[in-house]
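See below for the structure under consideration.
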Amino acid sequence: MANVLDPYFLTEVVQNIRTDINSYRGAQLLTNGVDFKPELGLTIEYDVTYDDTGMTPPTSLNDPSPIHAAPVVKSMSFTNQEWREKAIIDREKIAVLRKPGNDLQQRWAEEYMIDRMVGLNLRLETRFEWMRFQALSGSLIIPATKTKPARTIDYGVPSNNKPTAATLWSNVATADPLADLDNWILRFRGSGARAVKIIANKKVDQLLKQNSKIRDLIRYTYGKDIVTAGSLAEILSQNLNGLQYEVYDGGYIDDTGTFFPFIPDNALIIIGEGMTGSIMDLVTSPNNYEDIFTGHTGKFALTKLISGDPDQWQVINGATVLPRLKYVNWHIFATVA
């Protein structure tokens, strides 16, 4: 049986839990299913690149080759952020986890600790997903810690990529979502990407299904008064050059029991696809828990004995991670309600 309080065993557990790309759609849509890209230190420095424009000019056989001016490149730099929390293994659990026991007790010990790490990992993955969609909005606010105030990372998303609907879609009688979407797709021109998918949460999906113009179009096309998920997706695809439509209502519940969606209730996202990789990476920096000079990238797990009356163990799970938005104009983050 494994030493269930060994941090290497627990780290192996959390690192072997792959991100569920069905539950956390941003992991697939925004980072192409890649969990992390490692960084050598805590400072994240990278270039924000823009599409190369124009075409190769003609030249005569004896003419020198014209010099091409490189496309605009901007740099970003910020400090990575550690996210971690712990579970307490109390005296009763320690007695079972440490007792030699029989095979049944040993198997239970491993199962119990794996369950604890799965639970902590689920909360950590939720934080990762929150970060992915926060970056698309243009800024990510890292909440205040015990010793540091909140800080904001401005990813420099152009205002052209953060439009507002001509008439808010909450006005279902007069808003024209198809016209808005058609105009926003034009903003991908010259970006190096093409629009491929619309993503909305359930609140915005309801507004689309209640919209008078869309309902009239579906009634005329299909002869039906009920707007189904299939008919809405088909109408959007037919009128918007084959764009896919997906409802993603993922989110989290805070300590007060309030639900917060990853995509705000008043926003809609159009995702673009280019030829040179994903829109963003999740960048992980090494921690120095194992060694002050040689760190460990990605998810980590730690254990710590709390001596007292009675003794307890802390089991800690975390990672040092922030998003790197490489292409700031490969998406639209629109206010629609």
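Identifiers for the structure tokens are assigned positionally: chains receive A, B, ... in sequence, residues are indexed from 1 per chain, and ligands are indexed from 1 in the order shown.
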(request) Extract, using only C-alpha atoms, all DNA, RNA and protein residues at most 12 Å from segment 33-42 of chain A, discarding same-chain residues fewer than 3 positions from it, and format them as a PyMOL selection string. (result) chain A and resi 15-22+24-30+45-46+77-82+125+128-129+132+277-288+293-299+319-324
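Within the 6 Å cut-off around Trp313 of chain A, using only C-alpha atoms and omitting residues fewer than 5 positions from it on the same chain, the listed residues are A:Ile88, A:Ile89, A:Lys304, A:Leu305, A:Ile306.
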Any chance you could export the current selection's N, CA and C atoms as a short mmCIF file (atom, residue, chain, number, x, y, z; two decimals), in the first residue's frame?
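Generated file (part-v8.cif):
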```
data_model
loop_
_atom_site.label_atom_id
_atom_site.label_comp_id
_atom_site.auth_asym_id
_atom_site.auth_seq_id
_atom_site.Cartn_x
_atom_site.Cartn_y
_atom_site.Cartn_z
N ILE A 88 -8.26 19.18 6.28
CA ILE A 88 -7.72 18.71 7.55
C ILE A 88 -8.09 17.24 7.74
N ILE A 89 -7.10 16.43 8.03
CA ILE A 89 -7.32 15.01 8.35
C ILE A 89 -7.28 14.89 9.87
N LYS A 304 1.33 18.25 5.96
CA LYS A 304 2.01 18.89 7.08
C LYS A 304 1.36 18.45 8.37
N LEU A 305 2.19 18.01 9.34
CA LEU A 305 1.69 17.61 10.65
C LEU A 305 1.45 18.83 11.52
N ILE A 306 0.26 18.93 12.10
CA ILE A 306 -0.04 19.99 13.07
C ILE A 306 0.00 19.34 14.46
#
```
(request) Going by DSSP on the backbone, which bits of segment 41-209 of chain A are strand (DSSP E)? Write them as a ChimeraX atom specification, please. (result) /A:43-49,73-79,82-89,139-142,151-154,193-200
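Residues in contact with Thr221 of chain A at up to 12 Å, not including ones fewer than 6 positions away on its chain and judged by only C-alpha atoms, are Ile214, Arg215, Val227, Ser231, Leu232, Glu234, Ile235, Gln238 and Asn239 of chain A.
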(message) From a backbone DSSP assignment, name each residue in segment 154-306 of chain A labelled alpha helix (DSSP H), as a count of residues only.
(response) 40
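You will find atom CA of Arg194 of chain A at 16.5 Å from atom CA of Leu136 of chain A.
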(message) I'd like the interatomic distance between atom CA of Pro71 of chain A and atom CA of Thr59 of chain A, to a tenth of an Å.
(response) 21.4 Å
Do a neighbour search on segment 150-163 of chain A at 9 Å with only C-alpha atoms, toss out local chain neighbours closer than 4 positions, and write the hits as a PDB file with N, CA, C and O atoms, in the first residue's frame.
```pdb
ATOM      1  N   MET A  76       3.930  41.577 -22.993  1.00  0.00           N
ATOM      2  CA  MET A  76       3.200  41.529 -21.729  1.00  0.00           C
ATOM      3  C   MET A  76       4.118  40.954 -20.663  1.00  0.00           C
ATOM      4  O   MET A  76       4.931  40.077 -20.932  1.00  0.00           O
ATOM      5  N   PHE A  78       3.854  39.993 -16.304  1.00  0.00           N
ATOM      6  CA  PHE A  78       3.214  40.052 -14.993  1.00  0.00           C
ATOM      7  C   PHE A  78       3.696  38.872 -14.161  1.00  0.00           C
ATOM      8  O   PHE A  78       4.291  37.915 -14.678  1.00  0.00           O
ATOM      9  N   ALA A 135      -9.941  36.210 -18.600  1.00  0.00           N
ATOM     10  CA  ALA A 135      -8.962  36.794 -19.518  1.00  0.00           C
ATOM     11  C   ALA A 135      -9.633  37.271 -20.804  1.00  0.00           C
ATOM     12  O   ALA A 135      -9.263  38.313 -21.364  1.00  0.00           O
ATOM     13  N   LEU A 136     -10.642  36.527 -21.291  1.00  0.00           N
ATOM     14  CA  LEU A 136     -11.333  36.936 -22.515  1.00  0.00           C
ATOM     15  C   LEU A 136     -12.053  38.268 -22.342  1.00  0.00           C
ATOM     16  O   LEU A 136     -12.223  39.018 -23.308  1.00  0.00           O
ATOM     17  N   SER A 137     -12.482  38.573 -21.119  1.00  0.00           N
ATOM     18  CA  SER A 137     -13.174  39.844 -20.885  1.00  0.00           C
ATOM     19  C   SER A 137     -12.222  41.028 -20.985  1.00  0.00           C
ATOM     20  O   SER A 137     -12.659  42.172 -21.066  1.00  0.00           O
ATOM     21  N   GLY A 138     -10.925  40.754 -20.963  1.00  0.00           N
ATOM     22  CA  GLY A 138      -9.924  41.817 -21.089  1.00  0.00           C
ATOM     23  C   GLY A 138      -9.122  42.056 -19.838  1.00  0.00           C
ATOM     24  O   GLY A 138      -8.012  42.584 -19.896  1.00  0.00           O
ATOM     25  N   SER A 139      -9.651  41.693 -18.685  1.00  0.00           N
ATOM     26  CA  SER A 139      -8.914  41.896 -17.433  1.00  0.00           C
ATOM     27  C   SER A 139      -9.251  40.787 -16.457  1.00  0.00           C
ATOM     28  O   SER A 139     -10.354  40.244 -16.467  1.00  0.00           O
ATOM     29  N   LEU A 140      -8.282  40.465 -15.637  1.00  0.00           N
ATOM     30  CA  LEU A 140      -8.451  39.435 -14.623  1.00  0.00           C
ATOM     31  C   LEU A 140      -8.073  40.044 -13.274  1.00  0.00           C
ATOM     32  O   LEU A 140      -6.950  40.542 -13.100  1.00  0.00           O
ATOM     33  N   ILE A 141      -9.016  40.032 -12.344  1.00  0.00           N
ATOM     34  CA  ILE A 141      -8.766  40.570 -11.007  1.00  0.00           C
ATOM     35  C   ILE A 141      -8.405  39.419 -10.075  1.00  0.00           C
ATOM     36  O   ILE A 141      -9.215  38.519  -9.851  1.00  0.00           O
ATOM     37  N   ILE A 142      -7.188  39.445  -9.560  1.00  0.00           N
ATOM     38  CA  ILE A 142      -6.767  38.454  -8.580  1.00  0.00           C
ATOM     39  C   ILE A 142      -7.218  38.946  -7.215  1.00  0.00           C
ATOM     40  O   ILE A 142      -6.801  40.018  -6.765  1.00  0.00           O
ATOM     41  N   PRO A 143      -8.098  38.210  -6.542  1.00  0.00           N
ATOM     42  CA  PRO A 143      -8.626  38.696  -5.255  1.00  0.00           C
ATOM     43  C   PRO A 143      -7.526  38.929  -4.236  1.00  0.00           C
ATOM     44  O   PRO A 143      -6.423  38.369  -4.323  1.00  0.00           O
ATOM     45  N   ALA A 144      -7.835  39.773  -3.273  1.00  0.00           N
ATOM     46  CA  ALA A 144      -6.877  40.071  -2.201  1.00  0.00           C
ATOM     47  C   ALA A 144      -6.574  38.808  -1.398  1.00  0.00           C
ATOM     48  O   ALA A 144      -7.427  37.945  -1.200  1.00  0.00           O
ATOM     49  N   THR A 145      -5.336  38.683  -0.969  1.00  0.00           N
ATOM     50  CA  THR A 145      -4.933  37.603  -0.082  1.00  0.00           C
ATOM     51  C   THR A 145      -4.835  38.156   1.333  1.00  0.00           C
ATOM     52  O   THR A 145      -5.148  39.329   1.591  1.00  0.00           O
ATOM     53  N   TRP A 184     -20.513  41.651 -35.947  1.00  0.00           N
ATOM     54  CA  TRP A 184     -19.350  41.327 -35.108  1.00  0.00           C
ATOM     55  C   TRP A 184     -18.408  40.356 -35.798  1.00  0.00           C
ATOM     56  O   TRP A 184     -17.185  40.419 -35.601  1.00  0.00           O
ATOM     57  N   ARG A 187     -15.544  41.806 -37.655  1.00  0.00           N
ATOM     58  CA  ARG A 187     -14.397  42.309 -36.895  1.00  0.00           C
ATOM     59  C   ARG A 187     -13.233  41.318 -36.861  1.00  0.00           C
ATOM     60  O   ARG A 187     -12.140  41.665 -36.408  1.00  0.00           O
ATOM     61  N   PHE A 188     -13.447  40.101 -37.337  1.00  0.00           N
ATOM     62  CA  PHE A 188     -12.346  39.149 -37.428  1.00  0.00           C
ATOM     63  C   PHE A 188     -11.486  39.400 -38.663  1.00  0.00           C
ATOM     64  O   PHE A 188     -10.408  38.822 -38.787  1.00  0.00           O
ATOM     65  N   ARG A 324      -2.163  33.146 -20.211  1.00  0.00           N
ATOM     66  CA  ARG A 324      -1.393  33.977 -21.138  1.00  0.00           C
ATOM     67  C   ARG A 324      -2.241  34.100 -22.399  1.00  0.00           C
ATOM     68  O   ARG A 324      -2.415  33.130 -23.143  1.00  0.00           O
ATOM     69  N   LEU A 325      -2.804  35.283 -22.627  1.00  0.00           N
ATOM     70  CA  LEU A 325      -3.668  35.522 -23.789  1.00  0.00           C
ATOM     71  C   LEU A 325      -2.780  35.954 -24.948  1.00  0.00           C
ATOM     72  O   LEU A 325      -2.351  37.110 -25.023  1.00  0.00           O
ATOM     73  N   TYR A 327      -3.389  35.925 -28.357  1.00  0.00           N
ATOM     74  CA  TYR A 327      -4.022  36.612 -29.489  1.00  0.00           C
ATOM     75  C   TYR A 327      -5.227  37.376 -28.955  1.00  0.00           C
ATOM     76  O   TYR A 327      -6.287  36.803 -28.729  1.00  0.00           O
ATOM     77  N   VAL A 328      -5.054  38.661 -28.763  1.00  0.00           N
ATOM     78  CA  VAL A 328      -6.080  39.451 -28.077  1.00  0.00           C
ATOM     79  C   VAL A 328      -7.249  39.801 -28.984  1.00  0.00           C
ATOM     80  O   VAL A 328      -8.286  40.283 -28.507  1.00  0.00           O
ATOM     81  N   ASN A 329      -7.099  39.579 -30.294  1.00  0.00           N
ATOM     82  CA  ASN A 329      -8.178  39.936 -31.236  1.00  0.00           C
ATOM     83  C   ASN A 329      -8.733  38.711 -31.956  1.00  0.00           C
ATOM     84  O   ASN A 329      -9.286  38.813 -33.051  1.00  0.00           O
ATOM     85  N   TRP A 330      -8.600  37.539 -31.337  1.00  0.00           N
ATOM     86  CA  TRP A 330      -9.144  36.318 -31.925  1.00  0.00           C
ATOM     87  C   TRP A 330     -10.493  35.935 -31.304  1.00  0.00           C
ATOM     88  O   TRP A 330     -10.931  34.804 -31.429  1.00  0.00           O
ATOM     89  N   HIS A 331     -11.123  36.858 -30.657  1.00  0.00           N
ATOM     90  CA  HIS A 331     -12.433  36.571 -30.073  1.00  0.00           C
ATOM     91  C   HIS A 331     -13.223  37.877 -29.934  1.00  0.00           C
ATOM     92  O   HIS A 331     -12.655  38.974 -29.972  1.00  0.00           O
ATOM     93  N   ILE A 332     -14.531  37.717 -29.775  1.00  0.00           N
ATOM     94  CA  ILE A 332     -15.413  38.839 -29.471  1.00  0.00           C
ATOM     95  C   ILE A 332     -16.045  38.565 -28.112  1.00  0.00           C
ATOM     96  O   ILE A 332     -16.570  37.479 -27.874  1.00  0.00           O
ATOM     97  N   PHE A 333     -15.969  39.537 -27.224  1.00  0.00           N
ATOM     98  CA  PHE A 333     -16.633  39.459 -25.913  1.00  0.00           C
ATOM     99  C   PHE A 333     -17.670  40.577 -25.881  1.00  0.00           C
ATOM    100  O   PHE A 333     -17.364  41.729 -25.587  1.00  0.00           O
ATOM    101  N   ALA A 334     -18.904  40.230 -26.244  1.00  0.00           N
ATOM    102  CA  ALA A 334     -19.925  41.246 -26.485  1.00  0.00           C
ATOM    103  C   ALA A 334     -20.876  41.361 -25.309  1.00  0.00           C
ATOM    104  O   ALA A 334     -21.283  40.354 -24.710  1.00  0.00           O
ATOM    105  N   THR A 335     -21.261  42.597 -24.996  1.00  0.00           N
ATOM    106  CA  THR A 335     -22.329  42.857 -24.016  1.00  0.00           C
ATOM    107  C   THR A 335     -23.650  42.830 -24.763  1.00  0.00           C
ATOM    108  O   THR A 335     -23.862  43.605 -25.697  1.00  0.00           O
ATOM    109  N   VAL A 336     -24.573  41.951 -24.334  1.00  0.00           N
ATOM    110  CA  VAL A 336     -25.812  41.772 -25.090  1.00  0.00           C
ATOM    111  C   VAL A 336     -27.066  42.015 -24.253  1.00  0.00           C
ATOM    112  O   VAL A 336     -28.187  42.031 -24.789  1.00  0.00           O
TER     113      VAL A 336
END
```
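As for atom CA of Ser23 of chain A and atom CA of Phe259 of chain A, they are spaced 15.9 Å apart.
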(message) So, with only C-alpha atoms as the atoms that count, which of A:Asn121, A:Ile114, A:Asn171, A:Leu181 lies closest to Asn241 of chain A?
(response) A:Leu181
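Nearest residue to Leu120 of chain A among A:Ile94, A:Ala87, A:Leu208, A:Leu61 is A:Ala87, counting only C-alpha atoms.
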(request) Write out as a ChimeraX atom specification each polymer residue whose atoms come within 9 Å of Asn201 of chain A, counting only C-alpha atoms; drop sequence neighbours fewer than 4 positions from it. (result) /A:205-206,246-250,261-265,267-268
Once you have the residues from the selection above, write them out as an mmCIF file, in the first residue's frame, restricted to N, CA and C atoms.
```cif
data_model
loop_
_atom_site.group_PDB
_atom_site.id
_atom_site.type_symbol
_atom_site.label_atom_id
_atom_site.label_comp_id
_atom_site.auth_asym_id
_atom_site.auth_seq_id
_atom_site.Cartn_x
_atom_site.Cartn_y
_atom_site.Cartn_z
ATOM 1 N N ASP A 205 -29.072 32.292 -23.851
ATOM 2 C CA ASP A 205 -29.779 31.332 -24.701
ATOM 3 C C ASP A 205 -31.290 31.546 -24.620
ATOM 4 N N GLN A 206 -31.794 31.801 -23.431
ATOM 5 C CA GLN A 206 -33.230 32.069 -23.277
ATOM 6 C C GLN A 206 -33.637 33.328 -24.025
ATOM 7 N N GLU A 246 -23.107 26.980 -29.128
ATOM 8 C CA GLU A 246 -23.015 26.119 -27.945
ATOM 9 C C GLU A 246 -23.480 26.878 -26.710
ATOM 10 N N VAL A 247 -24.271 26.217 -25.901
ATOM 11 C CA VAL A 247 -24.677 26.766 -24.610
ATOM 12 C C VAL A 247 -23.788 26.159 -23.537
ATOM 13 N N TYR A 248 -23.065 27.013 -22.842
ATOM 14 C CA TYR A 248 -22.178 26.564 -21.766
ATOM 15 C C TYR A 248 -22.544 27.338 -20.512
ATOM 16 N N ASP A 249 -23.120 26.644 -19.548
ATOM 17 C CA ASP A 249 -23.624 27.315 -18.352
ATOM 18 C C ASP A 249 -22.800 26.956 -17.116
ATOM 19 N N GLY A 250 -21.507 26.689 -17.321
ATOM 20 C CA GLY A 250 -20.638 26.376 -16.192
ATOM 21 C C GLY A 250 -20.451 27.580 -15.286
ATOM 22 N N PRO A 261 -21.874 32.441 -13.097
ATOM 23 C CA PRO A 261 -21.469 31.738 -14.323
ATOM 24 C C PRO A 261 -20.101 32.220 -14.795
ATOM 25 N N PHE A 262 -19.369 31.333 -15.454
ATOM 26 C CA PHE A 262 -18.076 31.722 -16.011
ATOM 27 C C PHE A 262 -18.258 32.769 -17.111
ATOM 28 N N ILE A 263 -19.289 32.603 -17.930
ATOM 29 C CA ILE A 263 -19.646 33.616 -18.923
ATOM 30 C C ILE A 263 -20.756 34.455 -18.313
ATOM 31 N N PRO A 264 -20.573 35.763 -18.155
ATOM 32 C CA PRO A 264 -21.596 36.582 -17.491
ATOM 33 C C PRO A 264 -22.956 36.484 -18.165
ATOM 34 N N ASP A 265 -24.001 36.718 -17.372
ATOM 35 C CA ASP A 265 -25.369 36.625 -17.878
ATOM 36 C C ASP A 265 -25.683 37.680 -18.932
ATOM 37 N N ALA A 267 -23.413 38.633 -21.362
ATOM 38 C CA ALA A 267 -22.360 38.597 -22.379
ATOM 39 C C ALA A 267 -22.500 37.394 -23.290
ATOM 40 N N LEU A 268 -21.910 37.520 -24.469
ATOM 41 C CA LEU A 268 -21.819 36.437 -25.433
ATOM 42 C C LEU A 268 -20.419 36.458 -26.023
#
```
(message) When you count only C-alpha atoms, which of these residues is closest to Tyr112 of chain A: A:Val14, A:Ile67, A:Val96, A:Val172?
(response) A:Val96
(message) Excluding Phe300 of chain A and its own-chain neighbours fewer than 4 positions away, which residues fall within 7 Å of it when counting only C-alpha atoms? Please give them as a ChimeraX atom specification.
(response) /A:11,317-319
(message) Need the shell around Pro7 of chain A: protein/DNA/RNA residues with any atom at most 7 Å away, counting only C-alpha atoms. Skip same-chain ones fewer than 3 positions apart. Format as JSON, numbers by chain?
(response) {"A": [10, 11, 301, 302, 303]}
(request) Go through A:Asp176, A:Glu85, A:Asp254, A:Asp90 one by one, measure the shortest atom-to-atom distance of each to Met117 of chain A using only C-alpha atoms, and give the residue with the smallest value. (result) A:Glu85
